[in-house]
$ cat input.cif   # mmCIF, C-alpha atoms
data_data
loop_
_atom_site.label_atom_id
_atom_site.label_comp_id
_atom_site.auth_asym_id
_atom_site.auth_seq_id
_atom_site.Cartn_x
_atom_site.Cartn_y
_atom_site.Cartn_z
CA MET A 16 76.31 112.17 123.67
CA SER A 17 79.26 111.31 121.40
CA GLU A 18 78.66 110.33 117.79
CA ILE A 19 78.08 106.61 117.19
CA LEU A 20 80.84 105.00 115.14
CA PRO A 21 79.77 103.57 111.74
CA LYS A 22 80.54 99.99 112.77
CA HIS A 23 78.37 100.34 115.87
CA LYS A 24 75.52 101.76 113.74
CA VAL A 25 75.70 98.65 111.55
CA LYS A 26 75.64 96.39 114.62
CA ILE A 27 72.57 98.23 115.96
CA LEU A 28 70.78 97.89 112.62
CA LEU A 29 71.66 94.20 112.47
CA ALA A 30 70.32 93.69 115.99
CA GLN A 31 67.05 95.34 114.96
CA ALA A 32 66.80 93.17 111.83
CA LEU A 33 67.60 89.92 113.66
CA PHE A 34 65.33 90.58 116.62
CA GLY A 35 62.22 88.42 116.62
CA ASN A 36 63.59 85.72 114.31
CA PRO A 37 61.82 86.97 111.14
CA ASP A 38 60.70 84.53 108.45
CA ILE A 39 62.46 86.56 105.75
CA LEU A 40 65.58 88.58 106.53
CA LEU A 41 66.51 91.34 104.06
CA LEU A 42 70.10 92.58 104.37
CA ASP A 43 71.62 95.39 102.29
CA GLU A 44 75.44 95.40 102.54
CA PRO A 45 75.41 93.89 106.06
CA THR A 46 79.20 93.69 106.40
CA ASN A 47 79.92 97.37 105.68
CA ASN A 48 82.21 98.93 108.33
CA LEU A 49 82.32 95.72 110.39
CA ASP A 50 85.63 94.28 111.56
CA PHE A 51 86.56 90.72 110.62
CA GLU A 52 85.53 89.24 113.98
CA ALA A 53 82.04 90.75 113.67
CA ILE A 54 81.75 89.54 110.06
CA ALA A 55 82.79 86.03 111.11
CA TRP A 56 80.08 86.03 113.80
CA LEU A 57 77.46 87.23 111.31
CA GLU A 58 78.48 84.59 108.77
CA THR A 59 78.18 81.82 111.38
CA PHE A 60 74.80 83.13 112.52
CA LEU A 61 73.38 83.30 108.99
CA ILE A 62 74.77 79.89 107.99
CA ASN A 63 72.82 78.37 110.89
CA TYR A 64 69.74 80.59 110.36
CA ASP A 65 66.70 78.40 109.62
CA ASN A 66 64.68 81.00 107.71
CA THR A 67 65.14 82.79 104.40
CA VAL A 68 67.89 85.40 103.95
CA ILE A 69 68.02 87.74 100.94
CA THR A 70 71.12 89.92 100.79
CA VAL A 71 72.86 92.40 98.52
CA SER A 72 76.60 92.53 99.17
CA HIS A 73 79.93 93.35 97.54
CA ASP A 74 81.75 91.20 100.12
CA ARG A 75 82.86 88.17 98.09
CA HIS A 76 84.01 86.19 101.15
CA PHE A 77 80.60 86.73 102.77
CA LEU A 78 78.75 85.62 99.62
CA ILE A 79 80.94 82.52 99.33
CA ASN A 80 80.42 81.46 102.95
CA VAL A 81 76.75 82.34 103.46
CA CYS A 82 74.75 82.15 100.23
CA THR A 83 73.28 78.91 98.84
CA HIS A 84 71.67 80.62 95.80
CA MET A 85 72.67 83.55 93.60
CA VAL A 86 70.33 85.73 91.53
CA ASP A 87 72.30 87.09 88.57
CA ILE A 88 70.74 90.21 87.00
CA ASP A 89 72.36 90.47 83.59
CA TYR A 90 71.51 90.25 79.88
CA PHE A 91 68.28 92.15 80.68
CA GLN A 92 67.02 89.28 82.81
CA ALA A 93 67.35 87.71 86.25
CA LYS A 94 68.61 84.12 86.50
CA LEU A 95 68.79 81.95 89.62
CA TYR A 96 71.88 79.83 90.22
CA VAL A 97 71.88 77.12 92.90
CA GLY A 98 75.21 77.57 94.66
CA ASN A 99 77.41 80.21 96.26
CA TYR A 100 79.34 83.09 94.69
CA ASN A 101 82.18 80.91 93.41
CA PHE A 102 79.75 78.49 91.75
CA TRP A 103 77.91 81.38 90.10
CA MET A 104 81.16 82.88 88.79
CA GLU A 105 82.30 79.58 87.29
CA SER A 106 78.86 78.68 85.90
CA SER A 107 78.10 82.05 84.30
CA GLN A 108 81.52 82.18 82.66
CA LEU A 109 81.19 78.57 81.49
CA VAL A 110 77.81 79.27 79.86
CA GLN A 111 79.30 82.18 77.92
CA LYS A 112 82.29 80.08 76.84
CA LEU A 113 80.12 77.17 75.70
CA MET A 114 77.89 79.49 73.67
CA ALA A 115 80.92 81.17 72.07
CA ASP A 116 82.55 77.78 71.29
CA LYS A 117 79.30 76.50 69.78
CA ASN A 118 79.02 79.56 67.55
CA LYS A 119 82.68 79.22 66.54
CA LYS A 120 82.08 75.67 65.31
CA LYS A 121 79.00 76.82 63.41
CA GLU A 122 80.94 79.68 61.82
CA GLU A 123 83.68 77.25 60.74
CA ARG A 124 81.04 74.97 59.19
CA ILE A 125 79.47 77.96 57.41
CA GLN A 126 82.81 78.89 55.87
CA GLU A 127 83.36 75.29 54.70
CA LEU A 128 79.92 75.18 53.04
CA LYS A 129 80.39 78.58 51.41
CA ALA A 130 83.78 77.55 50.05
CA PHE A 131 82.35 74.33 48.58
CA ILE A 132 79.40 76.14 47.01
CA ALA A 133 81.62 78.85 45.51
CA ARG A 134 83.94 76.23 44.05
CA PHE A 135 81.45 73.74 42.62
CA SER A 136 78.18 75.59 41.98
CA ALA A 137 79.10 75.92 38.28
CA ASN A 138 80.27 72.30 38.00
CA LEU A 139 77.49 70.12 36.53
CA SER A 140 78.80 66.94 38.17
CA LYS A 141 78.85 68.65 41.59
CA SER A 142 75.73 70.83 41.25
CA ALA A 143 73.54 68.46 43.26
CA GLN A 144 76.04 68.46 46.12
CA ALA A 145 76.32 72.25 45.95
CA THR A 146 72.53 72.58 46.10
CA SER A 147 72.42 70.23 49.10
CA ARG A 148 75.05 72.30 50.88
CA LYS A 149 73.10 75.50 50.18
CA LYS A 150 70.13 73.98 51.99
CA SER A 151 72.38 72.94 54.89
CA LEU A 152 73.83 76.46 55.02
CA GLU A 153 70.35 78.00 55.26
CA LYS A 154 69.53 75.81 58.26
CA ILE A 155 72.53 76.93 60.34
CA GLN A 156 71.57 79.64 62.80
CA LEU A 157 74.08 81.30 65.10
CA ASP A 158 72.99 81.54 68.72
CA GLU A 159 72.34 85.10 69.81
CA ILE A 160 74.85 86.03 72.50
CA ILE A 161 73.49 89.06 74.31
CA PRO A 162 76.30 91.39 75.43
CA SER A 163 76.76 91.34 79.17
CA SER A 164 76.02 94.52 81.09
CA ARG A 165 79.14 93.78 83.13
CA LYS A 166 82.20 95.82 82.26
CA TYR A 167 85.62 95.26 83.77
CA PRO A 168 88.04 98.19 84.03
CA PHE A 169 91.70 97.47 83.38
CA ILE A 170 93.86 98.01 86.45
CA GLY A 171 97.55 97.30 86.08
CA PHE A 172 100.52 98.99 87.70
CA GLU A 173 103.81 99.62 85.96
CA ILE A 174 106.92 100.51 87.95
CA GLU A 175 109.31 103.16 86.69
CA LYS A 176 112.08 102.48 89.24
CA GLN A 177 112.95 99.12 90.81
CA LEU A 178 112.94 98.82 94.60
CA GLY A 179 116.00 98.15 96.71
CA LYS A 180 115.97 95.71 99.60
CA ASP A 181 114.96 98.17 102.33
CA VAL A 182 111.56 99.83 101.88
CA LEU A 183 110.42 101.23 105.23
CA ASP A 184 111.55 101.34 108.86
CA VAL A 185 109.10 102.75 111.43
CA LYS A 186 110.12 103.15 115.08
CA ASN A 187 108.02 104.13 118.11
CA LEU A 188 105.42 106.07 116.15
CA SER A 189 102.65 107.73 118.16
CA TYR A 190 99.73 109.94 117.12
CA SER A 191 96.77 111.69 118.75
CA GLN A 192 93.76 113.31 117.13
CA ASP A 193 91.46 115.79 118.91
CA GLY A 194 93.12 114.88 122.19
CA ILE A 195 92.53 111.14 121.70
CA ARG A 196 95.51 108.81 121.35
CA LEU A 197 94.96 106.66 118.25
CA PHE A 198 98.14 104.61 118.57
CA ASN A 199 101.38 104.56 120.54
CA ASN A 200 104.88 103.08 120.05
CA VAL A 201 104.12 101.54 116.64
CA SER A 202 107.21 99.91 115.13
CA PHE A 203 107.65 97.72 112.05
CA THR A 204 109.77 97.20 108.94
CA ILE A 205 108.86 96.48 105.33
CA SER A 206 111.24 94.90 102.83
CA ARG A 207 111.14 94.46 99.07
CA GLY A 208 108.49 91.99 97.95
CA GLU A 209 106.29 92.45 101.01
CA LYS A 210 102.64 93.36 100.60
CA VAL A 211 101.19 94.35 103.95
CA ALA A 212 97.64 94.01 105.25
CA LEU A 213 97.20 96.82 107.75
CA LEU A 214 94.78 95.73 110.49
CA GLY A 215 93.36 97.36 113.59
CA ARG A 216 90.09 97.79 115.45
CA ASN A 217 90.12 101.54 114.91
CA ASP A 218 89.73 102.60 111.27
CA LEU A 219 90.76 106.16 112.19
CA ALA A 220 94.09 104.84 113.48
CA LYS A 221 94.80 102.96 110.24
CA THR A 222 93.86 105.97 108.13
CA ALA A 223 96.02 108.26 110.27
CA LEU A 224 98.99 105.91 109.97
CA LEU A 225 98.69 105.79 106.18
CA LYS A 226 98.47 109.59 106.06
CA ILE A 227 101.59 109.86 108.21
CA LEU A 228 103.45 107.42 105.96
CA SER A 229 102.34 109.42 102.90
CA GLY A 230 103.49 112.70 104.48
CA GLU A 231 100.03 114.24 104.81
CA LEU A 232 100.21 114.16 108.62
CA SER A 233 103.04 114.46 111.13
CA PRO A 234 103.35 112.02 114.05
CA ASP A 235 103.50 113.16 117.67
CA SER A 236 106.70 111.17 118.09
CA GLY A 237 108.73 108.45 116.44
CA THR A 238 110.69 108.12 113.22
CA ILE A 239 109.96 107.04 109.65
CA LYS A 240 112.78 106.04 107.31
CA TRP A 241 112.02 105.26 103.68
CA GLY A 242 114.47 103.37 101.50
CA GLN A 243 116.49 105.41 99.01
CA THR A 244 114.86 103.75 95.99
CA VAL A 245 111.26 104.17 97.19
CA VAL A 246 108.80 106.10 95.02
CA LYS A 247 105.51 106.06 96.91
CA SER A 248 101.94 106.96 96.01
CA TYR A 249 98.96 107.32 98.35
CA PHE A 250 95.35 106.30 97.67
CA PRO A 251 93.06 107.83 100.36
CA SER A 252 89.73 106.52 101.64
CA ASP A 253 88.25 110.02 101.27
CA ASN A 254 89.12 111.51 97.88
CA ASP A 255 86.95 114.67 97.97
CA SER A 256 90.01 116.91 98.25
CA TYR A 257 91.12 115.74 94.79
CA PHE A 258 87.88 116.92 93.18
CA VAL A 259 87.63 120.47 94.53
CA ASP A 260 87.46 122.05 91.05
CA LYS A 261 83.93 120.91 90.17
CA GLU A 262 83.89 122.43 86.67
CA ILE A 263 86.95 120.62 85.30
CA ASN A 264 86.35 117.67 82.95
CA LEU A 265 87.91 114.22 83.32
CA ILE A 266 90.57 114.79 80.67
CA ASP A 267 91.87 117.96 82.31
CA TRP A 268 91.55 116.38 85.75
CA LEU A 269 93.71 113.39 84.87
CA ARG A 270 96.16 115.52 82.86
CA GLN A 271 97.27 117.09 86.17
CA PHE A 272 98.86 113.77 87.15
CA SER A 273 100.22 112.64 83.77
CA LYS A 274 103.70 113.15 82.37
CA GLU A 275 102.16 112.83 78.90
CA PRO A 276 99.67 115.71 78.34
CA ALA A 277 98.32 114.60 74.93
CA GLU A 278 94.55 114.23 74.92
CA SER A 279 94.73 110.96 72.95
CA TYR A 280 96.93 109.45 75.68
CA ILE A 281 94.61 110.64 78.47
CA ARG A 282 91.54 109.39 76.61
CA GLY A 283 93.19 106.00 76.17
CA PHE A 284 93.81 105.76 79.88
CA LEU A 285 90.24 106.82 80.72
CA GLY A 286 88.89 104.35 78.18
CA ARG A 287 90.52 101.47 80.01
CA MET A 288 88.69 102.70 83.11
CA LEU A 289 85.33 102.54 81.25
CA PHE A 290 85.08 106.25 80.40
CA SER A 291 84.37 106.07 76.66
CA GLY A 292 82.76 108.27 74.01
CA ASP A 293 81.89 111.70 75.42
CA GLN A 294 82.28 110.59 79.05
CA PRO A 295 85.84 111.98 79.37
CA LEU A 296 84.30 115.44 78.80
CA LYS A 297 82.05 115.02 81.83
CA GLN A 298 82.66 117.53 84.62
CA VAL A 299 83.85 115.98 87.86
CA LYS A 300 80.89 117.43 89.79
CA TYR A 301 78.70 114.82 88.08
CA LEU A 302 80.85 111.83 89.06
CA SER A 303 79.46 109.07 91.27
CA GLY A 304 81.48 107.58 94.11
CA GLY A 305 82.48 104.61 91.96
CA GLU A 306 83.51 106.85 89.05
CA LYS A 307 85.70 108.94 91.35
CA MET A 308 87.37 105.74 92.53
CA ARG A 309 88.14 104.76 88.94
CA CYS A 310 89.63 108.21 88.37
CA MET A 311 91.77 107.79 91.47
CA TYR A 312 93.02 104.42 90.21
CA SER A 313 93.96 106.09 86.92
CA LYS A 314 95.97 108.63 88.93
CA LEU A 315 97.58 105.83 90.95
CA MET A 316 98.60 103.90 87.84
CA LEU A 317 100.05 107.02 86.20
CA SER A 318 102.34 107.53 89.21
CA GLN A 319 104.29 104.34 88.31
CA ALA A 320 105.25 104.20 91.99
CA ASN A 321 107.08 101.17 93.38
CA THR A 322 105.38 101.46 96.78
CA LEU A 323 101.63 101.95 97.20
CA LEU A 324 99.76 103.11 100.32
CA ILE A 325 96.09 102.27 99.83
CA ASP A 326 93.21 103.01 102.21
CA SER A 327 89.88 101.26 101.51
CA PRO A 328 90.60 100.13 97.93
CA THR A 329 87.14 98.67 97.17
CA ILE A 330 84.73 101.22 98.68
CA HIS A 331 82.00 102.40 96.22
CA LEU A 332 83.13 99.87 93.59
CA ASP A 333 80.97 97.19 91.95
CA LEU A 334 82.06 93.56 91.93
CA GLU A 335 83.60 93.81 88.46
CA ALA A 336 85.81 96.73 89.49
CA ILE A 337 86.67 95.00 92.78
CA GLN A 338 87.86 91.93 90.87
CA ALA A 339 89.94 94.17 88.58
CA VAL A 340 91.53 95.91 91.58
CA ASN A 341 92.21 92.54 93.22
CA LYS A 342 93.93 91.20 90.10
CA GLY A 343 95.94 94.39 89.60
CA LEU A 344 97.27 94.35 93.15
CA GLU A 345 98.06 90.63 92.96
CA GLU A 346 100.21 91.24 89.88
CA TYR A 347 101.82 94.43 91.21
CA LYS A 348 105.61 94.01 91.47
CA GLY A 349 106.22 96.67 94.12
CA SER A 350 105.60 96.87 97.87
CA LEU A 351 102.17 97.61 99.24
CA VAL A 352 100.49 98.69 102.47
CA VAL A 353 96.71 98.34 102.30
CA ALA A 354 93.93 98.85 104.85
CA SER A 355 90.75 97.08 103.79
CA HIS A 356 87.69 95.18 104.99
CA ASP A 357 87.77 92.96 101.88
CA HIS A 358 88.73 89.51 103.13
CA ASN A 359 89.37 88.02 99.68
CA LEU A 360 91.62 90.89 98.65
CA LEU A 361 93.78 90.73 101.76
CA GLN A 362 94.14 86.96 101.56
CA SER A 363 95.00 86.85 97.85
CA VAL A 364 97.24 89.94 97.73
CA CYS A 365 99.11 90.28 101.03
CA ASN A 366 101.93 88.19 102.46
CA LYS A 367 102.42 90.10 105.70
CA VAL A 368 100.12 91.46 108.42
CA ILE A 369 100.72 94.48 110.64
CA GLU A 370 98.09 95.15 113.30
CA VAL A 371 98.03 98.65 114.77
CA CYS A 372 96.99 98.49 118.41
CA ASP A 373 96.49 101.04 121.19
CA LEU A 374 99.85 100.35 122.82
CA GLY A 375 101.98 99.33 119.87
CA SER A 376 101.85 97.05 116.83
CA TYR A 377 102.16 93.37 116.00
CA SER A 378 103.75 92.03 112.81
CA TYR A 379 103.20 88.61 111.26
CA GLU A 380 104.94 87.31 108.16
CA GLY A 381 102.33 85.15 106.48
CA PHE A 382 98.89 85.17 104.93
CA PHE A 383 95.82 86.91 106.27
CA ASP A 384 93.76 83.75 106.87
CA ASP A 385 96.57 82.18 108.91
CA TYR A 386 96.79 85.29 111.04
CA ILE A 387 93.12 85.69 111.92
CA SER A 388 92.61 81.95 112.53
CA ASN A 389 95.59 81.53 114.89
CA ASN A 390 94.35 82.18 118.42
CA GLU A 391 97.86 82.30 119.86
CA ILE A 392 98.91 84.99 117.43
CA LYS A 393 95.73 87.00 117.98
CA SER A 394 96.13 86.85 121.76
CA ARG A 395 99.55 88.51 121.44
CA ALA A 396 98.04 91.34 119.44
CA ASN A 397 95.08 91.61 121.80
CA SER A 398 97.46 92.14 124.70
CA LEU A 399 98.41 95.48 123.09
CA TYR A 400 94.85 96.77 123.18
CA THR A 401 93.24 98.67 126.03
CA THR A 402 89.42 98.82 126.23
CA GLU A 403 87.37 98.70 123.03
CA GLU A 404 86.54 102.18 121.76
#
$ encode --input "input.cif" --output "structure tokens"
Amino acid sequence: MSEILPKHKVKILLAQALFGNPDILLLDEPTNNLDFEAIAWLETFLINYDNTVITVSHDRHFLINVCTHMVDIDYFQAKLYVGNYNFWMESSQLVQKLMADKNKKKEERIQELKAFIARFSANLSKSAQATSRKKSLEKIQLDEIIPSSRKYPFIGFEIEKQLGKDVLDVKNLSYSQDGIRLFNNVSFTISRGEKVALLGRNDLAKTALLKILSGELSPDSGTIKWGQTVVKSYFPSDNDSYFVDKEINLIDWLRQFSKEPAESYIRGFLGRMLFSGDQPLKQVKYLSGGEKMRCMYSKLMLSQANTLLIDSPTIHLDLEAIQAVNKGLEEYKGSLVVASHDHNLLQSVCNKVIEVCDLGSYSYEGFFDDYISNNEIKSRANSLYTTEE
């Protein structure tokens, strides 16, 4: 019996959980490995589900569409917000801002009172007023603002060399793996300013295509022509090969990819990625999946490439890091090809869609939501598929 694909495992587990219409449905990352059609079905099902659903998810689009309440675990306590993910984000940030603004006004009042007291405490005609202000000063208490446990890495991409008009021209690309054809006759072009959402039912096909574009794999047939000004960098979905030397620390690891070898420079870069204090001296064998991802983003930023090839940019990351990645890619001035299951990221970052099918590819110049909601467009892409794997 052949190995069950991850997305089919998730569907089987969901079927088991949904069977019997339970009173309370507990879902841990229910959208992992699912394609967008399956996620859309699950969202519709849960929206219309009459019983209680409790879920943990890093899928922002899913949380926005499905959840009516959010439990925020922060500041050493859990707080319930009535509303979806967007409401929670706005409310939690507003509370922090209001508390900070309130303290700012109190601090300004404190400084005014101190200045008056210092000026007139020795003046007999003003001594009564100074004494009154001392009493007022003693009554002012600043609100305690507990530091949030949430930390946001800084992700921003600088470009060393500006792109020309032509970025990439792919013609009739085909590739097989272990005797199985992943895609055939794939053709598309990418021009300056285009950020591409790479879609497809087969994740292996998307990963293989990105590896071919990066030069890690060779196609069975077809041609790839990069523009003369292109400086590309590849971010893989599986980064284990970059952490083979288990004994090396983070400073020495990142130094391999930096033009500037000074430890202070490397530490500064790692600090922006939330590796502070003695953490840069940690050996890579002790890194978690999310920490490895932050290291890989440091490597990607150091490349200063004007064209990025990114496979699964949000895997293993928490919501804070996902938001930082999303913002960084939105502000990136180069061209981008990204394969992801993160709906929000693709919609907010990409302005072109390329779907890799069994018998070719389909390109659409426009936003992700427009593409997946247009039945006519999807039917054209579906015509290039054979049977579902």
$ resolve_selection --input "input.cif" --expression "the PyMOL selection byres ((chain A and resi 373-382) around 8)" --output "list in words"
Asn187, Arg196, Leu197, Phe198, Asn199, Asn200, Val201, Ser202, Phe203, Gln362, Cys365, Asn366, Lys367, Val368, Ile369, Glu370, Val371, Cys372, Phe383, Asp384, Asp385, Tyr386, Arg395, Ala396, Leu399, Tyr400 and Thr401 of chain A
$ residues_around --input "input.cif" --residues "A:Tyr280" --least-positions-apart "3" --cutoff "12 Å" --atoms "all atoms listed in the file" --output "list of chain:residue names"
A:Ile266, A:Asp267, A:Leu269, A:Arg270, A:Ser273, A:Lys274, A:Glu275, A:Pro276, A:Ala277, A:Gly283, A:Phe284, A:Leu285, A:Gly286, A:Arg287, A:Pro295, A:Leu317
$ atom_distance --input "input.cif" --atom1 "atom CA of A:Ser206" --atom2 "atom CA of A:Gly171"
21.8 Å
$ closest_atom_pairs --input "input.cif" --of "stretch 170-208 of chain A" --to "stretch 320-343 of chain A" --cutoff "12 Å" --atoms "all atoms listed in the file" --output "JSON lines"
{"residue": "A:Ile170", "atom": "CA", "partner": "A:Gly343", "partner_atom": "CA", "distance": 5.2}
{"residue": "A:Gly171", "atom": "CA", "partner": "A:Gly343", "partner_atom": "CA", "distance": 4.8}
{"residue": "A:Phe172", "atom": "CA", "partner": "A:Gly343", "partner_atom": "CA", "distance": 6.8}
{"residue": "A:Glu173", "atom": "CA", "partner": "A:Ala320", "partner_atom": "CA", "distance": 7.7}
{"residue": "A:Ile174", "atom": "CA", "partner": "A:Asn321", "partner_atom": "CA", "distance": 5.5}
{"residue": "A:Glu175", "atom": "CA", "partner": "A:Ala320", "partner_atom": "CA", "distance": 6.8}
{"residue": "A:Lys176", "atom": "CA", "partner": "A:Asn321", "partner_atom": "CA", "distance": 6.6}
{"residue": "A:Gln177", "atom": "CA", "partner": "A:Asn321", "partner_atom": "CA", "distance": 6.7}
{"residue": "A:Leu178", "atom": "CA", "partner": "A:Asn321", "partner_atom": "CA", "distance": 6.4}
{"residue": "A:Gly179", "atom": "CA", "partner": "A:Asn321", "partner_atom": "CA", "distance": 10.0}
{"residue": "A:Asp181", "atom": "CA", "partner": "A:Thr322", "partner_atom": "CA", "distance": 11.6}
{"residue": "A:Val182", "atom": "CA", "partner": "A:Thr322", "partner_atom": "CA", "distance": 8.2}
{"residue": "A:Leu183", "atom": "CA", "partner": "A:Thr322", "partner_atom": "CA", "distance": 9.8}
{"residue": "A:Ile205", "atom": "CA", "partner": "A:Thr322", "partner_atom": "CA", "distance": 10.5}
{"residue": "A:Ser206", "atom": "CA", "partner": "A:Thr322", "partner_atom": "CA", "distance": 10.7}
{"residue": "A:Arg207", "atom": "CA", "partner": "A:Thr322", "partner_atom": "CA", "distance": 9.3}
{"residue": "A:Gly208", "atom": "CA", "partner": "A:Thr322", "partner_atom": "CA", "distance": 10.0}
$ residues_around --input "input.cif" --residues "A:Val364" --least-positions-apart "6" --cutoff "8 Å" --atoms "only C-alpha atoms" --output "PyMOL selection string"
chain A and resi 210+341+344-345
$ residues_around --input "input.cif" --residues "A:Glu44" --least-positions-apart "6" --cutoff "9 Å" --atoms "only C-alpha atoms" --output "ChimeraX atom specification"
/A:70-74
$ write_last_selection --input "input.cif" --atoms "C-alpha atoms" --output "short mmCIF file (atom, residue, chain, number, x, y, z; two decimals), in the coordinates of the input"
data_model
loop_
_atom_site.label_atom_id
_atom_site.label_comp_id
_atom_site.auth_asym_id
_atom_site.auth_seq_id
_atom_site.Cartn_x
_atom_site.Cartn_y
_atom_site.Cartn_z
CA THR A 70 71.12 89.92 100.79
CA VAL A 71 72.86 92.40 98.52
CA SER A 72 76.60 92.53 99.17
CA HIS A 73 79.93 93.35 97.54
CA ASP A 74 81.75 91.20 100.12
#
$ atom_distance --input "input.cif" --atom1 "atom CA of A:Gln144" --atom2 "atom CA of A:Glu127"
13.2 Å
$ atom_distance --input "input.cif" --atom1 "atom CA of A:Asp357" --atom2 "atom CA of A:Leu289"
22.9 Å
$ residues_near_point --input "input.cif" --point "(72.1, 78.8, 89.0)" --cutoff "8 Å" --atoms "all atoms listed in the file" --output "list in words"
His84, Met85, Val86, Lys94, Leu95, Tyr96, Val97, Gly98, Trp103 and Ser106 of chain A
$ closest_residue --input "input.cif" --among "A:Asn66, A:Tyr167, A:Cys82, A:Val299" --to "A:Gly35" --atoms "all atoms listed in the file"
A:Asn66
$ resolve_selection --input "input.cif" --expression "the PyMOL selection byres ((chain A and resi 54) around 12)" --output "PDB file with C-alpha atoms, in the coordinates of the input"
ATOM      1  CA  LYS A  22      80.540  99.990 112.770  1.00  0.00           C
ATOM      2  CA  VAL A  25      75.700  98.650 111.550  1.00  0.00           C
ATOM      3  CA  LYS A  26      75.640  96.390 114.620  1.00  0.00           C
ATOM      4  CA  LEU A  29      71.660  94.200 112.470  1.00  0.00           C
ATOM      5  CA  GLU A  44      75.440  95.400 102.540  1.00  0.00           C
ATOM      6  CA  PRO A  45      75.410  93.890 106.060  1.00  0.00           C
ATOM      7  CA  THR A  46      79.200  93.690 106.400  1.00  0.00           C
ATOM      8  CA  ASN A  47      79.920  97.370 105.680  1.00  0.00           C
ATOM      9  CA  ASN A  48      82.210  98.930 108.330  1.00  0.00           C
ATOM     10  CA  LEU A  49      82.320  95.720 110.390  1.00  0.00           C
ATOM     11  CA  ASP A  50      85.630  94.280 111.560  1.00  0.00           C
ATOM     12  CA  PHE A  51      86.560  90.720 110.620  1.00  0.00           C
ATOM     13  CA  GLU A  52      85.530  89.240 113.980  1.00  0.00           C
ATOM     14  CA  ALA A  53      82.040  90.750 113.670  1.00  0.00           C
ATOM     15  CA  ALA A  55      82.790  86.030 111.110  1.00  0.00           C
ATOM     16  CA  TRP A  56      80.080  86.030 113.800  1.00  0.00           C
ATOM     17  CA  LEU A  57      77.460  87.230 111.310  1.00  0.00           C
ATOM     18  CA  GLU A  58      78.480  84.590 108.770  1.00  0.00           C
ATOM     19  CA  THR A  59      78.180  81.820 111.380  1.00  0.00           C
ATOM     20  CA  PHE A  60      74.800  83.130 112.520  1.00  0.00           C
ATOM     21  CA  LEU A  61      73.380  83.300 108.990  1.00  0.00           C
ATOM     22  CA  ASP A  74      81.750  91.200 100.120  1.00  0.00           C
ATOM     23  CA  HIS A  76      84.010  86.190 101.150  1.00  0.00           C
ATOM     24  CA  PHE A  77      80.600  86.730 102.770  1.00  0.00           C
ATOM     25  CA  LEU A  78      78.750  85.620  99.620  1.00  0.00           C
ATOM     26  CA  ASN A  80      80.420  81.460 102.950  1.00  0.00           C
ATOM     27  CA  VAL A  81      76.750  82.340 103.460  1.00  0.00           C
ATOM     28  CA  HIS A 356      87.690  95.180 104.990  1.00  0.00           C
ATOM     29  CA  ASP A 357      87.770  92.960 101.880  1.00  0.00           C
ATOM     30  CA  HIS A 358      88.730  89.510 103.130  1.00  0.00           C
TER      31      HIS A 358
END
$ residues_around --input "input.cif" --residues "A:Lys300" --least-positions-apart "3" --cutoff "12 Å" --atoms "all atoms listed in the file" --output "list of chain:residue names"
A:Asp255, A:Tyr257, A:Phe258, A:Val259, A:Asp260, A:Lys261, A:Glu262, A:Ile263, A:Asn264, A:Leu265, A:Trp268, A:Leu296, A:Lys297, A:Ser303, A:Gly304, A:Glu306, A:Lys307
$ residues_around --input "input.cif" --residues "stretch 229-237 of chain A" --least-positions-apart "6" --cutoff "7 Å" --atoms "all atoms listed in the file" --output "ChimeraX atom specification"
/A:186-191,249
$ resolve_selection --input "input.cif" --expression "the PyMOL selection byres ((chain A and resi 148-156) around 12)" --output "VMD selection string"
chain A and resid 117 to 136 141 to 147 157 to 159
$ build_atoms --input "input.cif" --residues "stretch 250-258 of chain A" --atoms "N, CA and C atoms" --output "PDB file, keeping the file's coordinate frame"
ATOM      1  N   PHE A 250      96.745 106.395  98.116  1.00  0.00           N
ATOM      2  CA  PHE A 250      95.350 106.300  97.670  1.00  0.00           C
ATOM      3  C   PHE A 250      94.475 106.433  98.919  1.00  0.00           C
ATOM      4  N   PRO A 251      93.802 107.590  99.118  1.00  0.00           N
ATOM      5  CA  PRO A 251      93.060 107.830 100.360  1.00  0.00           C
ATOM      6  C   PRO A 251      91.680 107.192 100.359  1.00  0.00           C
ATOM      7  N   SER A 252      91.108 107.018 101.528  1.00  0.00           N
ATOM      8  CA  SER A 252      89.730 106.520 101.640  1.00  0.00           C
ATOM      9  C   SER A 252      88.733 107.624 101.302  1.00  0.00           C
ATOM     10  N   ASP A 253      89.092 108.864 101.585  1.00  0.00           N
ATOM     11  CA  ASP A 253      88.250 110.020 101.270  1.00  0.00           C
ATOM     12  C   ASP A 253      88.979 110.843 100.201  1.00  0.00           C
ATOM     13  N   ASN A 254      88.420 110.848  98.983  1.00  0.00           N
ATOM     14  CA  ASN A 254      89.120 111.510  97.880  1.00  0.00           C
ATOM     15  C   ASN A 254      88.511 112.852  97.485  1.00  0.00           C
ATOM     16  N   ASP A 255      87.630 113.411  98.317  1.00  0.00           N
ATOM     17  CA  ASP A 255      86.950 114.670  97.970  1.00  0.00           C
ATOM     18  C   ASP A 255      87.928 115.806  97.699  1.00  0.00           C
ATOM     19  N   SER A 256      89.049 115.817  98.409  1.00  0.00           N
ATOM     20  CA  SER A 256      90.010 116.910  98.250  1.00  0.00           C
ATOM     21  C   SER A 256      90.645 116.926  96.858  1.00  0.00           C
ATOM     22  N   TYR A 257      90.556 115.816  96.131  1.00  0.00           N
ATOM     23  CA  TYR A 257      91.120 115.740  94.790  1.00  0.00           C
ATOM     24  C   TYR A 257      90.141 116.228  93.718  1.00  0.00           C
ATOM     25  N   PHE A 258      88.914 116.504  94.132  1.00  0.00           N
ATOM     26  CA  PHE A 258      87.880 116.920  93.180  1.00  0.00           C
ATOM     27  C   PHE A 258      87.259 118.253  93.602  1.00  0.00           C
TER      28      PHE A 258
END
